[in-house]
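Printed here is input35.csv (CSV, N, CA and C atoms):
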```
chain,number,residue,atom,x,y,z
A,1,GLN,N,5.7,39.5,18.5
A,1,GLN,CA,5.0,40.4,17.6
A,1,GLN,C,5.4,41.9,17.9
A,2,VAL,N,5.9,42.5,16.9
A,2,VAL,CA,6.3,43.9,17.0
A,2,VAL,C,5.1,44.8,16.9
A,3,ARG,N,5.0,45.7,17.8
A,3,ARG,CA,3.9,46.7,17.7
A,3,ARG,C,4.5,48.1,17.5
A,4,LEU,N,3.8,48.8,16.6
A,4,LEU,CA,4.2,50.2,16.3
A,4,LEU,C,3.2,51.2,16.9
A,5,ALA,N,3.7,52.3,17.4
A,5,ALA,CA,2.8,53.3,18.0
A,5,ALA,C,3.2,54.7,17.5
A,6,GLU,N,2.2,55.3,16.8
A,6,GLU,CA,2.5,56.7,16.3
A,6,GLU,C,2.1,57.7,17.4
A,7,SER,N,2.6,58.9,17.3
A,7,SER,CA,2.3,60.0,18.1
A,7,SER,C,2.6,61.3,17.3
A,8,GLY,N,2.0,62.4,17.8
A,8,GLY,CA,2.4,63.7,17.2
A,8,GLY,C,1.3,64.3,16.3
A,9,GLY,N,0.3,63.5,16.0
A,9,GLY,CA,-0.8,64.1,15.2
A,9,GLY,C,-1.5,65.2,15.9
A,10,GLY,N,-2.4,65.9,15.2
A,10,GLY,CA,-3.2,67.0,15.8
A,10,GLY,C,-3.8,67.9,14.8
A,11,LEU,N,-4.2,69.0,15.3
A,11,LEU,CA,-4.8,70.1,14.4
A,11,LEU,C,-3.9,71.2,14.3
A,12,VAL,N,-3.7,71.6,13.0
A,12,VAL,CA,-2.8,72.7,12.7
A,12,VAL,C,-3.3,73.6,11.6
A,13,GLN,N,-3.0,74.8,11.5
A,13,GLN,CA,-3.4,75.7,10.5
A,13,GLN,C,-2.6,75.5,9.2
A,14,THR,N,-3.1,75.9,8.1
A,14,THR,CA,-2.4,75.9,6.8
A,14,THR,C,-1.1,76.6,7.0
A,15,GLY,N,0.0,75.9,6.5
A,15,GLY,CA,1.3,76.5,6.6
A,15,GLY,C,2.1,76.1,7.8
A,16,GLY,N,1.4,75.4,8.8
A,16,GLY,CA,2.0,75.0,10.0
A,16,GLY,C,2.8,73.7,9.9
A,17,SER,N,3.3,73.3,11.0
A,17,SER,CA,4.2,72.1,11.0
A,17,SER,C,3.7,71.1,12.1
A,18,LEU,N,4.0,69.9,11.8
A,18,LEU,CA,3.8,68.8,12.8
A,18,LEU,C,5.0,67.8,12.7
A,19,ARG,N,5.3,67.1,13.7
A,19,ARG,CA,6.3,66.1,13.7
A,19,ARG,C,5.7,64.8,14.2
A,20,LEU,N,5.6,63.8,13.4
A,20,LEU,CA,5.1,62.5,13.8
A,20,LEU,C,6.2,61.6,14.2
A,21,SER,N,5.9,60.8,15.2
A,21,SER,CA,6.9,59.8,15.7
A,21,SER,C,6.3,58.4,15.6
A,22,CYS,N,7.1,57.4,15.4
A,22,CYS,CA,6.7,56.0,15.4
A,22,CYS,C,7.7,55.2,16.1
A,23,ALA,N,7.3,54.6,17.2
A,23,ALA,CA,8.2,53.8,18.0
A,23,ALA,C,7.8,52.3,18.0
A,24,ALA,N,8.7,51.4,17.8
A,24,ALA,CA,8.5,50.0,17.8
A,24,ALA,C,8.6,49.5,19.2
A,25,SER,N,7.9,48.4,19.4
A,25,SER,CA,7.9,47.8,20.8
A,25,SER,C,9.2,47.1,21.1
A,26,GLU,N,10.0,46.7,20.1
A,26,GLU,CA,11.3,46.1,20.3
A,26,GLU,C,12.2,46.5,19.2
A,27,ASN,N,13.5,46.5,19.4
A,27,ASN,CA,14.4,46.8,18.4
A,27,ASN,C,15.3,45.7,18.0
A,28,ARG,N,14.9,44.5,18.4
A,28,ARG,CA,15.8,43.3,18.0
A,28,ARG,C,15.5,42.8,16.6
A,29,VAL,N,14.3,43.2,16.1
A,29,VAL,CA,14.0,42.7,14.7
A,29,VAL,C,14.7,43.5,13.7
A,30,SER,N,15.1,42.8,12.6
A,30,SER,CA,15.8,43.5,11.5
A,30,SER,C,14.8,44.1,10.6
A,31,ILE,N,14.9,45.4,10.3
A,31,ILE,CA,14.0,46.2,9.5
A,31,ILE,C,14.7,46.7,8.2
A,32,TYR,N,14.1,46.5,7.1
A,32,TYR,CA,14.7,46.9,5.8
A,32,TYR,C,14.1,48.3,5.4
A,33,ILE,N,12.8,48.4,5.6
A,33,ILE,CA,12.1,49.6,5.1
A,33,ILE,C,11.3,50.2,6.3
A,34,ARG,N,11.3,51.5,6.5
A,34,ARG,CA,10.4,52.1,7.4
A,34,ARG,C,9.6,53.2,6.5
A,35,ALA,N,8.3,53.2,6.7
A,35,ALA,CA,7.5,54.1,5.8
A,35,ALA,C,6.4,54.7,6.5
A,36,TRP,N,5.9,55.8,6.0
A,36,TRP,CA,4.7,56.5,6.4
A,36,TRP,C,3.7,56.4,5.3
A,37,PHE,N,2.5,56.1,5.6
A,37,PHE,CA,1.3,56.1,4.7
A,37,PHE,C,0.3,57.0,5.3
A,38,ARG,N,-0.7,57.4,4.4
A,38,ARG,CA,-1.8,58.2,4.9
A,38,ARG,C,-3.1,57.7,4.2
A,39,GLN,N,-4.2,58.0,4.8
A,39,GLN,CA,-5.5,57.7,4.2
A,39,GLN,C,-6.5,58.8,4.6
A,40,ALA,N,-6.9,59.5,3.6
A,40,ALA,CA,-7.9,60.5,3.8
A,40,ALA,C,-9.3,59.9,3.6
A,41,PRO,N,-10.3,60.6,4.2
A,41,PRO,CA,-11.7,60.0,4.1
A,41,PRO,C,-12.1,59.8,2.7
A,42,GLY,N,-12.6,58.6,2.4
A,42,GLY,CA,-13.1,58.3,1.0
A,42,GLY,C,-12.0,58.1,0.0
A,43,LYS,N,-10.8,58.0,0.4
A,43,LYS,CA,-9.6,57.8,-0.5
A,43,LYS,C,-8.9,56.5,-0.1
A,44,GLU,N,-8.1,56.0,-1.0
A,44,GLU,CA,-7.3,54.9,-0.7
A,44,GLU,C,-6.0,55.3,0.1
A,45,ARG,N,-5.5,54.3,0.8
A,45,ARG,CA,-4.2,54.6,1.5
A,45,ARG,C,-3.1,54.8,0.4
A,46,GLU,N,-2.2,55.8,0.7
A,46,GLU,CA,-1.1,56.1,-0.2
A,46,GLU,C,0.2,56.3,0.6
A,47,MET,N,1.2,55.9,-0.1
A,47,MET,CA,2.6,56.1,0.5
A,47,MET,C,3.0,57.5,0.6
A,48,VAL,N,3.5,58.0,1.7
A,48,VAL,CA,4.0,59.3,1.8
A,48,VAL,C,5.5,59.4,1.7
A,49,ALA,N,6.2,58.6,2.4
A,49,ALA,CA,7.6,58.6,2.4
A,49,ALA,C,8.1,57.3,2.9
A,50,LEU,N,9.3,56.9,2.5
A,50,LEU,CA,10.0,55.7,3.0
A,50,LEU,C,11.5,55.9,3.2
A,51,ILE,N,12.1,55.1,4.0
A,51,ILE,CA,13.5,55.2,4.2
A,51,ILE,C,14.0,53.8,4.4
A,52,THR,N,15.1,53.5,3.7
A,52,THR,CA,15.7,52.2,3.8
A,52,THR,C,16.6,52.1,5.1
A,53,SER,N,17.0,50.9,5.4
A,53,SER,CA,17.9,50.8,6.6
A,53,SER,C,19.3,51.5,6.3
A,54,GLY,N,19.6,51.7,5.0
A,54,GLY,CA,20.8,52.4,4.7
A,54,GLY,C,20.6,53.9,4.6
A,55,GLY,N,19.4,54.4,4.7
A,55,GLY,CA,19.2,55.8,4.7
A,55,GLY,C,18.7,56.4,3.4
A,56,ILE,N,18.5,55.6,2.4
A,56,ILE,CA,17.9,56.1,1.2
A,56,ILE,C,16.4,56.4,1.4
A,57,THR,N,16.1,57.6,0.9
A,57,THR,CA,14.7,58.0,1.1
A,57,THR,C,14.0,58.1,-0.2
A,58,ARG,N,12.6,58.0,-0.1
A,58,ARG,CA,11.8,58.2,-1.3
A,58,ARG,C,10.5,58.9,-0.8
A,59,TYR,N,10.1,59.9,-1.6
A,59,TYR,CA,8.9,60.7,-1.2
A,59,TYR,C,7.8,60.7,-2.3
A,60,ALA,N,6.6,60.7,-1.9
A,60,ALA,CA,5.5,60.9,-2.9
A,60,ALA,C,5.7,62.4,-3.4
A,61,ASP,N,5.3,62.5,-4.7
A,61,ASP,CA,5.4,63.8,-5.3
A,61,ASP,C,4.7,64.9,-4.5
A,62,PHE,N,3.6,64.6,-3.9
A,62,PHE,CA,2.8,65.6,-3.3
A,62,PHE,C,3.4,66.1,-2.0
A,63,VAL,N,4.5,65.5,-1.5
A,63,VAL,CA,5.1,66.0,-0.3
A,63,VAL,C,6.5,66.4,-0.4
A,64,LYS,N,7.1,66.3,-1.6
A,64,LYS,CA,8.5,66.6,-1.8
A,64,LYS,C,8.8,68.0,-1.5
A,65,GLY,N,9.8,68.2,-0.7
A,65,GLY,CA,10.2,69.5,-0.3
A,65,GLY,C,9.5,70.0,0.9
A,66,ARG,N,8.5,69.3,1.4
A,66,ARG,CA,7.7,69.8,2.6
A,66,ARG,C,7.9,68.8,3.7
A,67,PHE,N,8.0,67.5,3.4
A,67,PHE,CA,8.1,66.5,4.5
A,67,PHE,C,9.5,65.9,4.5
A,68,THR,N,9.9,65.5,5.7
A,68,THR,CA,11.2,64.8,5.8
A,68,THR,C,11.1,63.6,6.7
A,69,ILE,N,11.5,62.4,6.2
A,69,ILE,CA,11.5,61.2,7.0
A,69,ILE,C,12.9,61.0,7.6
A,70,SER,N,12.9,60.5,8.8
A,70,SER,CA,14.2,60.1,9.4
A,70,SER,C,14.0,58.9,10.3
A,71,GLN,N,15.1,58.4,10.8
A,71,GLN,CA,15.0,57.2,11.6
A,71,GLN,C,16.2,57.0,12.6
A,72,ASP,N,16.0,56.3,13.6
A,72,ASP,CA,17.0,55.8,14.5
A,72,ASP,C,17.0,54.3,14.4
A,73,THR,N,17.9,53.7,13.6
A,73,THR,CA,17.8,52.2,13.4
A,73,THR,C,18.1,51.5,14.7
A,74,ALA,N,18.9,52.0,15.6
A,74,ALA,CA,19.3,51.3,16.8
A,74,ALA,C,18.1,51.2,17.7
A,75,GLU,N,17.2,52.3,17.7
A,75,GLU,CA,16.1,52.3,18.6
A,75,GLU,C,14.8,51.9,17.9
A,76,ASN,N,14.9,51.6,16.6
A,76,ASN,CA,13.8,51.2,15.8
A,76,ASN,C,12.7,52.2,15.9
A,77,THR,N,13.0,53.5,15.7
A,77,THR,CA,12.1,54.6,15.7
A,77,THR,C,12.2,55.4,14.5
A,78,MET,N,11.1,56.1,14.1
A,78,MET,CA,11.1,56.9,12.9
A,78,MET,C,10.3,58.1,13.1
A,79,TRP,N,10.5,59.1,12.3
A,79,TRP,CA,9.8,60.4,12.4
A,79,TRP,C,9.4,60.9,11.0
A,80,LEU,N,8.4,61.7,11.0
A,80,LEU,CA,8.0,62.4,9.8
A,80,LEU,C,7.8,63.9,10.1
A,81,GLN,N,8.8,64.7,9.7
A,81,GLN,CA,8.6,66.2,9.9
A,81,GLN,C,7.8,66.7,8.8
A,82,MET,N,6.7,67.3,9.1
A,82,MET,CA,5.8,67.9,8.1
A,82,MET,C,5.7,69.4,8.2
A,83,ASP,N,6.2,70.1,7.2
A,83,ASP,CA,6.2,71.5,7.1
A,83,ASP,C,5.3,72.0,6.0
A,84,ARG,N,4.9,73.3,6.1
A,84,ARG,CA,4.0,73.9,5.1
A,84,ARG,C,2.8,73.0,4.8
A,85,LEU,N,2.2,72.6,5.8
A,85,LEU,CA,1.0,71.7,5.7
A,85,LEU,C,-0.1,72.4,5.0
A,86,GLU,N,-0.9,71.6,4.2
A,86,GLU,CA,-2.0,72.1,3.5
A,86,GLU,C,-3.3,71.3,3.9
A,87,PRO,N,-4.4,71.9,3.6
A,87,PRO,CA,-5.7,71.1,4.0
A,87,PRO,C,-5.7,69.8,3.3
A,88,GLU,N,-5.1,69.6,2.1
A,88,GLU,CA,-5.1,68.3,1.4
A,88,GLU,C,-4.3,67.3,2.2
A,89,ASP,N,-3.5,67.7,3.1
A,89,ASP,CA,-2.7,66.7,3.9
A,89,ASP,C,-3.5,66.1,5.0
A,90,THR,N,-4.7,66.6,5.2
A,90,THR,CA,-5.6,66.0,6.3
A,90,THR,C,-5.8,64.5,6.0
A,91,ALA,N,-5.5,63.7,7.0
A,91,ALA,CA,-5.6,62.3,6.8
A,91,ALA,C,-5.2,61.6,8.1
A,92,ILE,N,-5.5,60.3,8.2
A,92,ILE,CA,-4.9,59.5,9.2
A,92,ILE,C,-3.5,59.0,8.7
A,93,TYR,N,-2.5,59.2,9.5
A,93,TYR,CA,-1.1,58.8,9.1
A,93,TYR,C,-0.7,57.5,9.8
A,94,PHE,N,-0.2,56.6,9.1
A,94,PHE,CA,0.2,55.3,9.6
A,94,PHE,C,1.7,55.1,9.4
A,95,CYS,N,2.4,54.5,10.4
A,95,CYS,CA,3.7,54.1,10.1
A,95,CYS,C,3.7,52.6,9.9
A,96,ALA,N,4.7,52.1,9.1
A,96,ALA,CA,4.8,50.7,8.7
A,96,ALA,C,6.3,50.4,8.6
A,97,MET,N,6.6,49.1,8.9
A,97,MET,CA,7.9,48.6,8.7
A,97,MET,C,7.9,47.3,8.0
A,98,SER,N,8.9,47.1,7.2
A,98,SER,CA,9.1,45.8,6.5
A,98,SER,C,10.4,45.2,6.7
A,99,SER,N,10.4,43.9,6.9
A,99,SER,CA,11.7,43.2,7.1
A,99,SER,C,12.5,42.9,5.9
A,100,PHE,N,11.7,42.8,4.7
A,100,PHE,CA,12.3,42.3,3.5
A,100,PHE,C,12.0,43.0,2.2
A,101,SER,N,10.8,43.6,2.2
A,101,SER,CA,10.3,44.0,0.9
A,101,SER,C,9.7,45.4,0.8
A,102,LEU,N,9.8,46.1,-0.3
A,102,LEU,CA,9.1,47.3,-0.6
A,102,LEU,C,7.6,47.1,-0.7
A,103,GLU,N,7.2,45.9,-1.1
A,103,GLU,CA,5.8,45.6,-1.5
A,103,GLU,C,5.0,45.2,-0.3
A,104,LYS,N,5.6,44.6,0.7
A,104,LYS,CA,4.8,44.1,1.8
A,104,LYS,C,5.3,44.5,3.1
A,105,TYR,N,4.5,45.1,3.9
A,105,TYR,CA,4.9,45.6,5.2
A,105,TYR,C,4.4,44.7,6.3
A,106,ASP,N,5.3,44.3,7.2
A,106,ASP,CA,5.0,43.3,8.2
A,106,ASP,C,4.3,43.9,9.4
A,107,TYR,N,4.6,45.2,9.7
A,107,TYR,CA,4.1,45.8,10.9
A,107,TYR,C,3.5,47.2,10.6
A,108,TRP,N,2.4,47.4,11.3
A,108,TRP,CA,1.6,48.6,11.1
A,108,TRP,C,1.2,49.3,12.4
A,109,GLY,N,1.2,50.6,12.5
A,109,GLY,CA,0.7,51.3,13.6
A,109,GLY,C,-0.8,51.5,13.5
A,110,GLN,N,-1.4,52.0,14.5
A,110,GLN,CA,-2.9,52.2,14.5
A,110,GLN,C,-3.3,53.5,13.8
A,111,GLY,N,-2.3,54.4,13.6
A,111,GLY,CA,-2.6,55.6,13.0
A,111,GLY,C,-2.8,56.8,13.9
A,112,THR,N,-2.5,58.0,13.4
A,112,THR,CA,-2.6,59.2,14.1
A,112,THR,C,-3.3,60.2,13.2
A,113,GLN,N,-4.3,61.0,13.7
A,113,GLN,CA,-5.0,61.9,12.9
A,113,GLN,C,-4.2,63.2,12.7
A,114,VAL,N,-4.1,63.7,11.5
A,114,VAL,CA,-3.6,65.0,11.2
A,114,VAL,C,-4.7,65.8,10.5
A,115,THR,N,-5.0,66.9,11.0
A,115,THR,CA,-6.0,67.8,10.5
A,115,THR,C,-5.4,69.2,10.2
A,116,VAL,N,-5.5,69.6,9.0
A,116,VAL,CA,-5.0,70.9,8.6
A,116,VAL,C,-6.2,71.8,8.3
A,117,SER,N,-6.4,72.9,9.0
A,117,SER,CA,-7.5,73.8,8.8
A,117,SER,C,-7.1,74.9,7.8
A,118,SER,N,-8.0,75.4,7.0
A,118,SER,CA,-7.7,76.4,6.0
A,118,SER,C,-8.0,77.8,6.6
```
Show me, as structure tokens, the structure contained in the file I just sent.
Amino acid sequence: QVRLAESGGGLVQTGGSLRLSCAASENRVSIYIRAWFRQAPGKEREMVALITSGGITRYADFVKGRFTISQDTAENTMWLQMDRLEPEDTAIYFCAMSSFSLEKYDYWGQGTQVTVSS
């Protein structure tokens, strides 16, 4: 069973930056999609960004131009660089990985809290 562990969350002021990391417990499993999701209090979980094994990226409209997703496929690690953070970005951020599909993610991290103060 692959386990994912996020790190890098914290408290930052509006306009600041954070870099989230997600490391998998093993790199032998084949991964097709790596993604970041977030869930704010009282809201549903939403996709923030994803990257395919080939390096194609997709971003939610609310983070375009501010967040950048990247990966190291050999180490099965991914990052989310978050710049120009806004209070609306406050949420728990989860990393997820899928072996086959955009619709179903096989592995999830426990989440890391990101809080942006105004």
query = atom CA of A:Thr90 to atom C of A:Ile69: how many Å, to one decimal?
reply =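 Rounded to one decimal, the two atoms are 19.2 Å apart.
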Practice problem: Extract, using only C-alpha atoms, all DNA, RNA and protein residues at most 9 Å from A:Thr52, discarding same-chain residues fewer than 4 positions from it, and format them as a list in words. | Solution: Ile31, Tyr32, Ile33, Arg34, Ala35, Ile56, Thr57 and Arg58 of chain A
message: Show me, as a list in words, the residues that have an atom within 6.5 Å of A:Gly8 when counting only N, CA and C atoms, minus same-chain residues fewer than 5 positions from it.
response: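 Once the adjacent positions are removed, what remains is Leu18, Arg19, Leu20 and Ser21 of chain A.
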Practice task
Up to 7 Å from (-7.1, 58.6, 6.3) in the file's coordinates: name the residues, counting only C-alpha atoms, as a ChimeraX atom specification.
Solution key: /A:38-41,45,91-93
### Query
Where does DSSP see strand (DSSP E) in chain A, if you list the residues as number ranges by chain?
A: 4-7, 10-13, 18-24, 33-39, 46-52, 57-59, 67-72, 77-82, 91-98, 107-108, 112-117
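Straight-line separation from atom CA of A:Asp72 to atom CA of A:Val12: 26.1 Å.
For A:Thr73, the residues within 12 Å (counting only C-alpha atoms, excluding itself and residues fewer than 6 positions away along the chain) are Cys22, Ala23, Ala24, Glu26, Asn27, Arg28, Val29, Ser30, Ile31, Tyr32, Ile33, Arg34, Ile51, Thr52, Ser53, Gly54, Gly55, Trp79 and Met97 of chain A.
With atom CA of A:Ala49 on one side and atom CA of A:Ser25 on the other, the separation reads 21.3 Å.
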- request: Counting all atoms listed in the file, select every polymer residue within 8 Å of (-4.2, 60.3, 14.4) as defined in the file's coordinates, and provide the selection as a PyMOL selection string.
  value: chain A and resi 6-10+91-94+110-115
* To do: If you run DSSP over the backbone, which residues in chain A end up helix (DSSP H, G or I)? Put them as a list in words.
  => Asp61, Phe62, Val63, Pro87, Glu88 and Asp89 of chain A
Residue nearest A:Phe67 - candidates A:Lys43, A:Leu80, A:Ser101, A:Leu11, atoms counted: all atoms listed in the file =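 Residue with the minimum atom-to-atom distance to A:Phe67: A:Leu80.
Here the question is which of A:Gly16, A:Gly65, A:Gly42, A:Pro87 gets nearest to A:Val116 using all atoms listed in the file, and that residue is A:Pro87.
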Nearest to A:Asp83, restricted to all atoms listed in the file and choosing among A:Ser17, A:Gln1, A:Ser117, A:Gln71, comes out as A:Ser17
Using only C-alpha atoms, the shortest atom-to-atom distance to A:Asp89 among A:Leu102, A:Asn76, A:Thr14, A:Trp36 belongs to A:Thr14
